[in-house]
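To be precise, the following lines are my_file06.pdb, and they hold PDB, C-alpha atoms, pLDDT in the B column.
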MODEL        1
ATOM      1  CA  MET A   1     -94.687 -70.451 112.834  1.00 43.00           C
ATOM      2  CA  ASP A   2     -95.238 -70.182 116.597  1.00 52.00           C
ATOM      3  CA  ASP A   3     -92.273 -67.825 116.810  1.00 51.00           C
ATOM      4  CA  PRO A   4     -92.163 -65.347 113.898  1.00 45.00           C
ATOM      5  CA  ARG A   5     -88.450 -64.788 114.458  1.00 45.00           C
ATOM      6  CA  GLU A   6     -87.740 -68.367 113.370  1.00 50.00           C
ATOM      7  CA  SER A   7     -89.480 -68.240 109.988  1.00 53.00           C
ATOM      8  CA  TYR A   8     -90.098 -64.591 109.192  1.00 51.00           C
ATOM      9  CA  LEU A   9     -87.099 -62.333 109.575  1.00 53.00           C
ATOM     10  CA  GLY A  10     -88.590 -59.147 108.218  1.00 54.00           C
ATOM     11  CA  LEU A  11     -87.849 -57.485 104.929  1.00 52.00           C
ATOM     12  CA  GLU A  12     -87.919 -59.743 101.859  1.00 58.00           C
ATOM     13  CA  SER A  13     -89.016 -62.941 103.643  1.00 79.00           C
ATOM     14  CA  VAL A  14     -90.516 -65.869 101.739  1.00 81.00           C
ATOM     15  CA  VAL A  15     -93.193 -68.124 103.246  1.00 81.00           C
ATOM     16  CA  GLN A  16     -94.431 -71.341 101.653  1.00 81.00           C
ATOM     17  CA  GLY A  17     -98.049 -71.884 102.614  1.00 84.00           C
ATOM     18  CA  ASP A  18    -101.543 -70.492 102.415  1.00 86.00           C
ATOM     19  CA  SER A  19    -102.790 -66.973 103.145  1.00 88.00           C
ATOM     20  CA  SER A  20    -103.436 -67.707 106.804  1.00 90.00           C
ATOM     21  CA  GLN A  21     -99.867 -68.906 107.285  1.00 89.00           C
ATOM     22  CA  CYS A  22     -98.593 -65.629 105.820  1.00 90.00           C
ATOM     23  CA  ILE A  23    -100.879 -63.197 107.622  1.00 93.00           C
ATOM     24  CA  LYS A  24    -100.189 -64.685 111.053  1.00 91.00           C
ATOM     25  CA  PRO A  25     -96.448 -63.835 111.199  1.00 90.00           C
ATOM     26  CA  ILE A  26     -97.116 -60.404 109.676  1.00 93.00           C
ATOM     27  CA  PHE A  27     -99.356 -59.611 112.635  1.00 94.00           C
ATOM     28  CA  GLN A  28     -96.964 -61.197 115.127  1.00 90.00           C
ATOM     29  CA  LEU A  29     -94.063 -59.122 113.861  1.00 90.00           C
ATOM     30  CA  HIS A  30     -95.621 -55.809 112.843  1.00 93.00           C
ATOM     31  CA  PHE A  31     -98.968 -55.575 114.666  1.00 95.00           C
ATOM     32  CA  PRO A  32     -98.629 -57.663 117.846  1.00 93.00           C
ATOM     33  CA  ASP A  33    -100.952 -55.386 119.815  1.00 94.00           C
ATOM     34  CA  ALA A  34    -103.657 -54.999 117.170  1.00 96.00           C
ATOM     35  CA  ALA A  35    -107.117 -55.416 118.693  1.00 96.00           C
ATOM     36  CA  THR A  36    -109.336 -54.673 115.672  1.00 96.00           C
ATOM     37  CA  VAL A  37    -108.862 -55.394 111.971  1.00 97.00           C
ATOM     38  CA  ALA A  38    -110.918 -54.362 108.943  1.00 96.00           C
ATOM     39  CA  ASP A  39    -110.723 -56.942 106.129  1.00 95.00           C
ATOM     40  CA  LEU A  40    -112.079 -54.962 103.181  1.00 92.00           C
ATOM     41  CA  THR A  41    -112.319 -57.942 100.799  1.00 88.00           C
ATOM     42  CA  TRP A  42    -113.367 -60.711 103.173  1.00 88.00           C
ATOM     43  CA  GLY A  43    -114.258 -63.422 100.652  1.00 82.00           C
ATOM     44  CA  LYS A  44    -114.369 -66.621 102.699  1.00 83.00           C
ATOM     45  CA  GLY A  45    -112.256 -65.244 105.526  1.00 89.00           C
ATOM     46  CA  ARG A  46    -109.281 -67.372 104.528  1.00 88.00           C
ATOM     47  CA  PHE A  47    -106.742 -65.052 106.207  1.00 92.00           C
ATOM     48  CA  TRP A  48    -108.060 -65.737 109.689  1.00 92.00           C
ATOM     49  CA  LYS A  49    -107.914 -69.516 110.211  1.00 89.00           C
ATOM     50  CA  TRP A  50    -105.153 -69.019 112.766  1.00 89.00           C
ATOM     51  CA  LEU A  51    -107.119 -66.742 115.061  1.00 88.00           C
ATOM     52  CA  GLY A  52    -107.831 -67.852 118.598  1.00 79.00           C
ATOM     53  CA  ALA A  53    -109.582 -66.290 121.553  1.00 73.00           C
ATOM     54  CA  ASP A  54    -106.617 -63.988 122.168  1.00 77.00           C
ATOM     55  CA  GLY A  55    -106.338 -62.706 118.596  1.00 83.00           C
ATOM     56  CA  PRO A  56    -107.652 -59.427 117.160  1.00 92.00           C
ATOM     57  CA  ARG A  57    -111.333 -58.935 116.398  1.00 94.00           C
ATOM     58  CA  VAL A  58    -111.755 -58.982 112.614  1.00 94.00           C
ATOM     59  CA  VAL A  59    -114.647 -57.226 110.884  1.00 93.00           C
ATOM     60  CA  GLY A  60    -115.230 -58.501 107.361  1.00 91.00           C
ATOM     61  CA  PHE A  61    -116.456 -56.221 104.552  1.00 89.00           C
ATOM     62  CA  ASP A  62    -117.499 -57.538 101.148  1.00 82.00           C
ATOM     63  CA  ILE A  63    -119.825 -56.965  98.235  1.00 74.00           C
ATOM     64  CA  GLU A  64    -121.318 -60.416  98.910  1.00 69.00           C
ATOM     65  CA  PRO A  65    -121.913 -60.727 102.655  1.00 62.00           C
ATOM     66  CA  MET A  66    -123.757 -64.009 102.269  1.00 58.00           C
ATOM     67  CA  ILE A  67    -120.387 -65.787 102.198  1.00 66.00           C
ATOM     68  CA  GLY A  68    -119.385 -64.723 105.688  1.00 75.00           C
ATOM     69  CA  ALA A  69    -118.640 -60.999 105.825  1.00 76.00           C
ATOM     70  CA  GLN A  70    -120.390 -59.036 108.545  1.00 86.00           C
ATOM     71  CA  VAL A  71    -120.766 -55.783 106.578  1.00 86.00           C
ATOM     72  CA  GLN A  72    -121.902 -55.356 102.983  1.00 81.00           C
ATOM     73  CA  ALA A  73    -119.924 -52.443 101.562  1.00 81.00           C
ATOM     74  CA  ASP A  74    -117.807 -51.070  98.744  1.00 80.00           C
ATOM     75  CA  TYR A  75    -114.150 -51.187  99.776  1.00 85.00           C
ATOM     76  CA  ARG A  76    -113.705 -47.642  98.443  1.00 85.00           C
ATOM     77  CA  PHE A  77    -116.291 -46.244 100.889  1.00 86.00           C
ATOM     78  CA  VAL A  78    -115.757 -48.073 104.169  1.00 89.00           C
ATOM     79  CA  PRO A  79    -118.630 -47.361 106.596  1.00 89.00           C
ATOM     80  CA  VAL A  80    -116.517 -46.893 109.731  1.00 91.00           C
ATOM     81  CA  ALA A  81    -115.216 -43.834 111.560  1.00 93.00           C
ATOM     82  CA  THR A  82    -111.769 -42.310 111.076  1.00 95.00           C
ATOM     83  CA  GLN A  83    -109.023 -44.087 113.062  1.00 95.00           C
ATOM     84  CA  SER A  84    -111.534 -46.628 114.362  1.00 95.00           C
ATOM     85  CA  VAL A  85    -109.607 -49.876 113.669  1.00 97.00           C
ATOM     86  CA  ASP A  86    -105.993 -50.810 114.211  1.00 98.00           C
ATOM     87  CA  VAL A  87    -105.165 -52.437 110.847  1.00 98.00           C
ATOM     88  CA  ALA A  88    -106.843 -52.595 107.416  1.00 98.00           C
ATOM     89  CA  ILE A  89    -106.201 -55.267 104.788  1.00 97.00           C
ATOM     90  CA  PHE A  90    -107.028 -55.316 101.076  1.00 94.00           C
ATOM     91  CA  ASP A  91    -106.773 -58.451  98.911  1.00 90.00           C
ATOM     92  CA  PRO A  92    -108.065 -57.073  95.594  1.00 80.00           C
ATOM     93  CA  PRO A  93    -109.907 -58.983  92.866  1.00 67.00           C
ATOM     94  CA  PHE A  94    -106.988 -59.256  90.461  1.00 62.00           C
ATOM     95  CA  ILE A  95    -108.131 -62.180  88.298  1.00 58.00           C
ATOM     96  CA  PHE A  96    -109.349 -61.193  84.851  1.00 56.00           C
ATOM     97  CA  SER A  97    -108.704 -64.322  82.726  1.00 52.00           C
ATOM     98  CA  PRO A  98    -111.828 -66.083  81.327  1.00 49.00           C
ATOM     99  CA  GLY A  99    -110.581 -69.595  82.126  1.00 46.00           C
ATOM    100  CA  ILE A 100    -110.070 -68.963  85.817  1.00 45.00           C
ATOM    101  CA  ALA A 101    -113.756 -68.888  86.810  1.00 45.00           C
ATOM    102  CA  GLY A 102    -114.194 -72.655  87.008  1.00 43.00           C
ATOM    103  CA  ILE A 103    -110.841 -73.252  88.691  1.00 40.00           C
ATOM    104  CA  VAL A 104    -111.363 -70.751  91.483  1.00 41.00           C
ATOM    105  CA  GLY A 105    -114.987 -71.824  91.815  1.00 39.00           C
ATOM    106  CA  ALA A 106    -116.362 -68.405  92.709  1.00 42.00           C
ATOM    107  CA  LYS A 107    -117.963 -66.005  90.259  1.00 45.00           C
ATOM    108  CA  ARG A 108    -117.110 -63.073  92.517  1.00 47.00           C
ATOM    109  CA  PHE A 109    -113.462 -63.340  91.433  1.00 42.00           C
ATOM    110  CA  PHE A 110    -114.200 -63.523  87.718  1.00 37.00           C
ATOM    111  CA  LEU A 111    -114.297 -59.870  86.747  1.00 40.00           C
ATOM    112  CA  GLY A 112    -113.211 -60.073  83.099  1.00 39.00           C
ATOM    113  CA  ALA A 113    -114.956 -58.944  79.918  1.00 37.00           C
ATOM    114  CA  ALA A 114    -117.617 -61.660  80.079  1.00 37.00           C
ATOM    115  CA  ALA A 115    -118.659 -60.373  83.499  1.00 37.00           C
ATOM    116  CA  ALA A 116    -118.627 -56.701  82.615  1.00 38.00           C
ATOM    117  CA  GLY A 117    -122.108 -56.058  84.006  1.00 41.00           C
ATOM    118  CA  GLN A 118    -122.484 -53.893  87.051  1.00 38.00           C
ATOM    119  CA  ARG A 119    -123.242 -55.039  90.602  1.00 37.00           C
ATOM    120  CA  PHE A 120    -125.486 -53.480  93.216  1.00 34.00           C
ATOM    121  CA  TYR A 121    -124.578 -53.351  96.882  1.00 35.00           C
ATOM    122  CA  GLY A 122    -124.736 -51.143  99.954  1.00 36.00           C
ATOM    123  CA  GLY A 123    -122.184 -48.409 100.497  1.00 38.00           C
ATOM    124  CA  ALA A 124    -121.142 -46.073 103.285  1.00 41.00           C
ATOM    125  CA  ASP A 125    -124.518 -44.348 103.470  1.00 42.00           C
ATOM    126  CA  ASN A 126    -126.397 -47.685 103.559  1.00 40.00           C
ATOM    127  CA  THR A 127    -128.053 -47.018 100.212  1.00 43.00           C
ATOM    128  CA  LYS A 128    -127.885 -49.034  97.027  1.00 45.00           C
ATOM    129  CA  LEU A 129    -124.917 -47.898  94.959  1.00 42.00           C
ATOM    130  CA  ARG A 130    -124.288 -48.757  91.335  1.00 42.00           C
ATOM    131  CA  ILE A 131    -120.654 -49.840  91.352  1.00 52.00           C
ATOM    132  CA  ALA A 132    -118.840 -51.474  88.442  1.00 57.00           C
ATOM    133  CA  ALA A 133    -116.313 -54.127  89.455  1.00 63.00           C
ATOM    134  CA  PRO A 134    -112.791 -53.646  88.016  1.00 69.00           C
ATOM    135  CA  ARG A 135    -112.506 -55.424  84.668  1.00 67.00           C
ATOM    136  CA  ASN A 136    -108.779 -55.028  84.038  1.00 73.00           C
ATOM    137  CA  ALA A 137    -105.510 -54.079  85.708  1.00 76.00           C
ATOM    138  CA  ASP A 138    -105.875 -50.370  84.939  1.00 82.00           C
ATOM    139  CA  GLU A 139    -109.291 -50.169  86.597  1.00 80.00           C
ATOM    140  CA  LEU A 140    -107.984 -52.094  89.604  1.00 81.00           C
ATOM    141  CA  HIS A 141    -105.085 -49.626  89.833  1.00 86.00           C
ATOM    142  CA  GLN A 142    -107.549 -46.756  90.081  1.00 87.00           C
ATOM    143  CA  HIS A 143    -109.512 -48.614  92.761  1.00 87.00           C
ATOM    144  CA  THR A 144    -106.263 -49.190  94.667  1.00 90.00           C
ATOM    145  CA  ARG A 145    -105.505 -45.469  94.828  1.00 92.00           C
ATOM    146  CA  VAL A 146    -108.904 -44.794  96.365  1.00 91.00           C
ATOM    147  CA  VAL A 147    -108.853 -47.696  98.815  1.00 93.00           C
ATOM    148  CA  ALA A 148    -105.362 -46.729 100.009  1.00 95.00           C
ATOM    149  CA  HIS A 149    -106.773 -43.404 101.190  1.00 95.00           C
ATOM    150  CA  GLU A 150    -109.652 -45.184 102.907  1.00 94.00           C
ATOM    151  CA  MET A 151    -107.324 -47.590 104.714  1.00 96.00           C
ATOM    152  CA  ARG A 152    -105.081 -44.745 105.821  1.00 97.00           C
ATOM    153  CA  ARG A 153    -108.173 -42.937 107.111  1.00 95.00           C
ATOM    154  CA  ILE A 154    -109.682 -45.779 109.129  1.00 96.00           C
ATOM    155  CA  ALA A 155    -106.555 -47.552 110.466  1.00 97.00           C
ATOM    156  CA  ARG A 156    -104.521 -46.381 113.432  1.00 97.00           C
ATOM    157  CA  TYR A 157    -101.364 -48.461 112.921  1.00 97.00           C
ATOM    158  CA  GLY A 158    -101.090 -49.712 109.350  1.00 98.00           C
ATOM    159  CA  MET A 159    -102.404 -51.543 106.306  1.00 98.00           C
ATOM    160  CA  ILE A 160    -101.643 -54.638 104.240  1.00 98.00           C
ATOM    161  CA  PHE A 161    -102.064 -55.185 100.500  1.00 96.00           C
ATOM    162  CA  LYS A 162    -102.015 -58.617  98.893  1.00 94.00           C
ATOM    163  CA  GLY A 163    -101.775 -59.213  95.151  1.00 88.00           C
ATOM    164  CA  GLN A 164     -99.911 -60.840  92.309  1.00 83.00           C
ATOM    165  CA  ASN A 165     -97.888 -59.895  89.254  1.00 81.00           C
ATOM    166  CA  LEU A 166     -99.585 -61.340  86.152  1.00 74.00           C
ATOM    167  CA  VAL A 167     -97.249 -60.615  83.287  1.00 69.00           C
ATOM    168  CA  THR A 168     -97.664 -61.991  79.764  1.00 63.00           C
ATOM    169  CA  SER A 169     -96.728 -60.646  76.348  1.00 66.00           C
ATOM    170  CA  HIS A 170    -100.248 -59.194  76.048  1.00 65.00           C
ATOM    171  CA  HIS A 171    -100.915 -58.167  79.657  1.00 66.00           C
ATOM    172  CA  PRO A 172     -97.849 -56.807  81.478  1.00 71.00           C
ATOM    173  CA  ASN A 173     -99.405 -56.172  84.896  1.00 76.00           C
ATOM    174  CA  TRP A 174     -96.700 -55.575  87.499  1.00 84.00           C
ATOM    175  CA  TRP A 175     -99.166 -55.293  90.371  1.00 87.00           C
ATOM    176  CA  GLU A 176     -96.494 -54.922  93.048  1.00 90.00           C
ATOM    177  CA  TYR A 177     -94.736 -51.972  91.395  1.00 91.00           C
ATOM    178  CA  ARG A 178     -97.980 -50.216  90.473  1.00 90.00           C
ATOM    179  CA  THR A 179     -99.364 -50.559  93.988  1.00 94.00           C
ATOM    180  CA  MET A 180     -96.206 -49.266  95.666  1.00 94.00           C
ATOM    181  CA  ARG A 181     -96.096 -46.344  93.251  1.00 93.00           C
ATOM    182  CA  ALA A 182     -99.774 -45.520  93.794  1.00 93.00           C
ATOM    183  CA  VAL A 183     -99.389 -45.496  97.587  1.00 95.00           C
ATOM    184  CA  GLU A 184     -96.194 -43.436  97.453  1.00 94.00           C
ATOM    185  CA  GLU A 185     -97.714 -40.867  95.101  1.00 92.00           C
ATOM    186  CA  SER A 186    -101.024 -40.679  96.955  1.00 91.00           C
ATOM    187  CA  LEU A 187     -99.886 -40.915 100.579  1.00 95.00           C
ATOM    188  CA  GLY A 188     -96.115 -40.460 100.556  1.00 95.00           C
ATOM    189  CA  LEU A 189     -95.622 -43.913 102.107  1.00 95.00           C
ATOM    190  CA  LEU A 190     -93.182 -46.720 101.323  1.00 94.00           C
ATOM    191  CA  PRO A 191     -93.656 -50.320 102.518  1.00 94.00           C
ATOM    192  CA  GLU A 192     -92.240 -51.199 105.905  1.00 92.00           C
ATOM    193  CA  ASP A 193     -91.973 -54.803 104.776  1.00 93.00           C
ATOM    194  CA  ARG A 194     -92.638 -57.135 101.870  1.00 91.00           C
ATOM    195  CA  LEU A 195     -93.475 -60.825 102.134  1.00 91.00           C
ATOM    196  CA  ILE A 196     -93.550 -63.314  99.239  1.00 88.00           C
ATOM    197  CA  GLN A 197     -95.959 -66.242  99.484  1.00 86.00           C
ATOM    198  CA  VAL A 198     -95.250 -69.423  97.544  1.00 82.00           C
ATOM    199  CA  SER A 199     -98.700 -70.956  97.302  1.00 72.00           C
ATOM    200  CA  PRO A 200     -99.342 -74.714  97.075  1.00 69.00           C
ATOM    201  CA  ALA A 201    -102.892 -74.078  95.799  1.00 61.00           C
ATOM    202  CA  ALA A 202    -104.288 -76.432  93.177  1.00 51.00           C
ATOM    203  CA  ARG A 203    -105.157 -73.490  90.946  1.00 51.00           C
ATOM    204  CA  LEU A 204    -101.501 -73.291  89.979  1.00 51.00           C
ATOM    205  CA  ARG A 205    -102.298 -75.999  87.419  1.00 54.00           C
ATOM    206  CA  ASP A 206    -104.130 -73.300  85.495  1.00 52.00           C
ATOM    207  CA  PRO A 207    -102.480 -72.869  82.049  1.00 55.00           C
ATOM    208  CA  ARG A 208    -102.486 -69.125  82.636  1.00 55.00           C
ATOM    209  CA  TRP A 209     -99.572 -69.501  85.043  1.00 57.00           C
ATOM    210  CA  LYS A 210     -97.570 -71.337  82.352  1.00 60.00           C
ATOM    211  CA  ARG A 211     -97.744 -68.199  80.220  1.00 60.00           C
ATOM    212  CA  GLN A 212     -96.275 -65.988  82.912  1.00 58.00           C
ATOM    213  CA  MET A 213     -93.129 -64.155  81.820  1.00 53.00           C
ATOM    214  CA  HIS A 214     -91.382 -63.554  85.146  1.00 55.00           C
ATOM    215  CA  PHE A 215     -89.533 -65.988  87.371  1.00 49.00           C
ATOM    216  CA  ARG A 216     -91.848 -65.727  90.399  1.00 55.00           C
ATOM    217  CA  ARG A 217     -94.877 -66.914  88.469  1.00 58.00           C
ATOM    218  CA  ARG A 218     -96.577 -68.757  91.319  1.00 67.00           C
ATOM    219  CA  ASP A 219     -96.083 -66.206  94.052  1.00 78.00           C
ATOM    220  CA  ALA A 220     -98.346 -63.741  95.808  1.00 85.00           C
ATOM    221  CA  ILE A 221     -96.974 -60.599  97.439  1.00 90.00           C
ATOM    222  CA  TYR A 222     -97.858 -58.850 100.703  1.00 94.00           C
ATOM    223  CA  LEU A 223     -96.977 -55.171 101.120  1.00 96.00           C
ATOM    224  CA  ILE A 224     -97.014 -54.018 104.750  1.00 96.00           C
ATOM    225  CA  TYR A 225     -97.312 -50.344 105.679  1.00 97.00           C
ATOM    226  CA  THR A 226     -97.051 -49.002 109.225  1.00 96.00           C
ATOM    227  CA  TRP A 227     -97.378 -45.560 110.795  1.00 96.00           C
ATOM    228  CA  GLU A 228     -97.742 -43.832 114.121  1.00 91.00           C
ATOM    229  CA  PRO A 229    -101.353 -43.364 115.314  1.00 84.00           C
ATOM    230  CA  GLN A 230    -102.912 -39.967 114.836  1.00 75.00           C
ATOM    231  CA  GLY A 231    -105.861 -38.263 116.489  1.00 59.00           C
ATOM    232  CA  GLY A 232    -109.350 -39.460 115.692  1.00 46.00           C
ATOM    233  CA  ALA A 233    -112.196 -41.617 116.903  1.00 46.00           C
ATOM    234  CA  THR A 234    -111.416 -44.690 118.976  1.00 41.00           C
TER     235      THR A 234
ENDMDL
END

Structure translated into structure tokens:
Amino acid sequence: MDDPRESYLGLESVVQGDSSQCIKPIFQLHFPDAATVADLTWGKGRFWKWLGADGPRVVGFDIEPMIGAQVQADYRFVPVATQSVDVAIFDPPFIFSPGIAGIVGAKRFFLGAAAAGQRFYGGADNTKLRIAAPRNADELHQHTRVVAHEMRRIARYGMIFKGQNLVTSHHPNWWEYRTMRAVEESLGLLPEDRLIQVSPAARLRDPRWKRQMHFRRRDAIYLIYTWEPQGGAT
């Protein structure tokens, strides 16, 4: 993927690989001059394995900064000034199935009914906020509406969402459609681009994927939004 034109041709591209292999061509094609990035759900920083000395400076935000993020914060109240970064990225906690906790190996992603307790972490005013993690697709949808406004506020050039459609007979969660609709209704924006990731991750052995009722069961989706910079802090 040294040349994004060879493997990533823009709208509706498909990339087989991990998150880092997908984010790299997105930046090469859409944000080649980005100098600063806000990763609002840092996790283990898996997006940024490709970065070198000449890449953008990434600031990681997370509710659990002990795993590598630089700033402990709620992604709905990002403690940075308006128009102070070039790009913002949001990879939401979309896993709600009880059996996934052991497979993923991180309790922070298991947000289902058995983990319905609330978490405590610092917010924009550096105080302790009582924030409940999303426990289902509807709650995540509400979070997405709020975080879209925050990303539009802080980013000069654009934002990226990553997620997955998890559709069964009991839980029809079309994440992609709901996210695009939320952003269009809230901000009047449509995606500039859409990338589909076919992941080779071992977690795809999870029986939950076998119950998926759409043909792209193993895929993750990236929605890329761009805009012209507006006035604000730099």

Expected selection from the PyMOL selection byres ((chain A and resi 43) around 7), given as a PyMOL selection string
chain A and resi 41-42+44-45+62+67

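Between atom CA of A:Asp219 and atom CA of A:Ala148 lies a distance of 22.4 Å.
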
Evaluate the PyMOL selection byres ((chain A and resi 143-145) around 8) here and jot the selected residues down as a PyMOL selection string.
chain A and resi 76+134+139-142+146-149+179+182-183+186

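Atom pair atom CA of A:Met151 / atom CA of A:Gln28: separated by 20.0 Å.
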
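Those residues positioned at most 9 Å from (-109.9, -42.6, 106.8) are Val78, Val80, Ala81, Thr82, Gln83, Ser84, His149, Glu150, Met151, Arg152, Arg153, Ile154 and Ala155 of chain A, judged using only C-alpha atoms.
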
Deliver the residues from the most recent selection as a file, using C-alpha atoms, as a CSV table (one decimal), in the coordinates of the input.
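Result file out.csv:
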chain,number,residue,atom,x,y,z
A,78,VAL,CA,-115.8,-48.1,104.2
A,80,VAL,CA,-116.5,-46.9,109.7
A,81,ALA,CA,-115.2,-43.8,111.6
A,82,THR,CA,-111.8,-42.3,111.1
A,83,GLN,CA,-109.0,-44.1,113.1
A,84,SER,CA,-111.5,-46.6,114.4
A,149,HIS,CA,-106.8,-43.4,101.2
A,150,GLU,CA,-109.7,-45.2,102.9
A,151,MET,CA,-107.3,-47.6,104.7
A,152,ARG,CA,-105.1,-44.7,105.8
A,153,ARG,CA,-108.2,-42.9,107.1
A,154,ILE,CA,-109.7,-45.8,109.1
A,155,ALA,CA,-106.6,-47.6,110.5

Step by step: start from the point (-91.1, -55.2, 102.4) in the file's coordinates, keep every protein, DNA or RNA residue that has an atom no farther than 12 Å from it, count all atoms listed in the file, and write the set as an MDAnalysis selection string.
chainID A and resid 8:14 26 30 160:162 176 180 190:196 221:226

To verify the selection step, state as a PDB file with C-alpha atoms, in the coordinates of the input which residues the PyMOL selection byres ((chain A and resi 18) around 10) yields on this input.
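So the final result, stored in selection21.pdb, reads:
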ATOM      1  CA  VAL A  15     -93.193 -68.124 103.246  1.00 81.00           C
ATOM      2  CA  GLN A  16     -94.431 -71.341 101.653  1.00 81.00           C
ATOM      3  CA  GLY A  17     -98.049 -71.884 102.614  1.00 84.00           C
ATOM      4  CA  SER A  19    -102.790 -66.973 103.145  1.00 88.00           C
ATOM      5  CA  SER A  20    -103.436 -67.707 106.804  1.00 90.00           C
ATOM      6  CA  GLN A  21     -99.867 -68.906 107.285  1.00 89.00           C
ATOM      7  CA  CYS A  22     -98.593 -65.629 105.820  1.00 90.00           C
ATOM      8  CA  ILE A  23    -100.879 -63.197 107.622  1.00 93.00           C
ATOM      9  CA  ARG A  46    -109.281 -67.372 104.528  1.00 88.00           C
ATOM     10  CA  PHE A  47    -106.742 -65.052 106.207  1.00 92.00           C
ATOM     11  CA  GLN A 197     -95.959 -66.242  99.484  1.00 86.00           C
ATOM     12  CA  VAL A 198     -95.250 -69.423  97.544  1.00 82.00           C
ATOM     13  CA  SER A 199     -98.700 -70.956  97.302  1.00 72.00           C
ATOM     14  CA  PRO A 200     -99.342 -74.714  97.075  1.00 69.00           C
ATOM     15  CA  ALA A 201    -102.892 -74.078  95.799  1.00 61.00           C
ATOM     16  CA  ALA A 220     -98.346 -63.741  95.808  1.00 85.00           C
TER      17      ALA A 220
END

Grab the atom CA of A:Phe31 to atom CA of A:Gly55 distance for me, in Å with one decimal place.
11.0 Å

Taking into account all atoms listed in the file, which residue in the set A:Pro172, A:Gly158, A:Gly163, A:Pro92 is nearest to A:Thr36?
A:Gly158

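Distances from A:Ala35, A:Arg156, A:Phe27, A:Ile63 to A:Trp50 were compared using all atoms listed in the file, and the smallest one belongs to A:Phe27.
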
Of the candidates A:Ile89, A:Ala38, A:Met159, A:Leu51, which one gets nearest to A:Lys24 if we count all atoms listed in the file?
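Ranked by minimum distance to A:Lys24, first place goes to A:Leu51.
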
For A:Ala34, which of A:Phe77, A:Val58, A:Glu184, A:Gln230 is the closest residue, counting only C-alpha atoms?
A:Val58
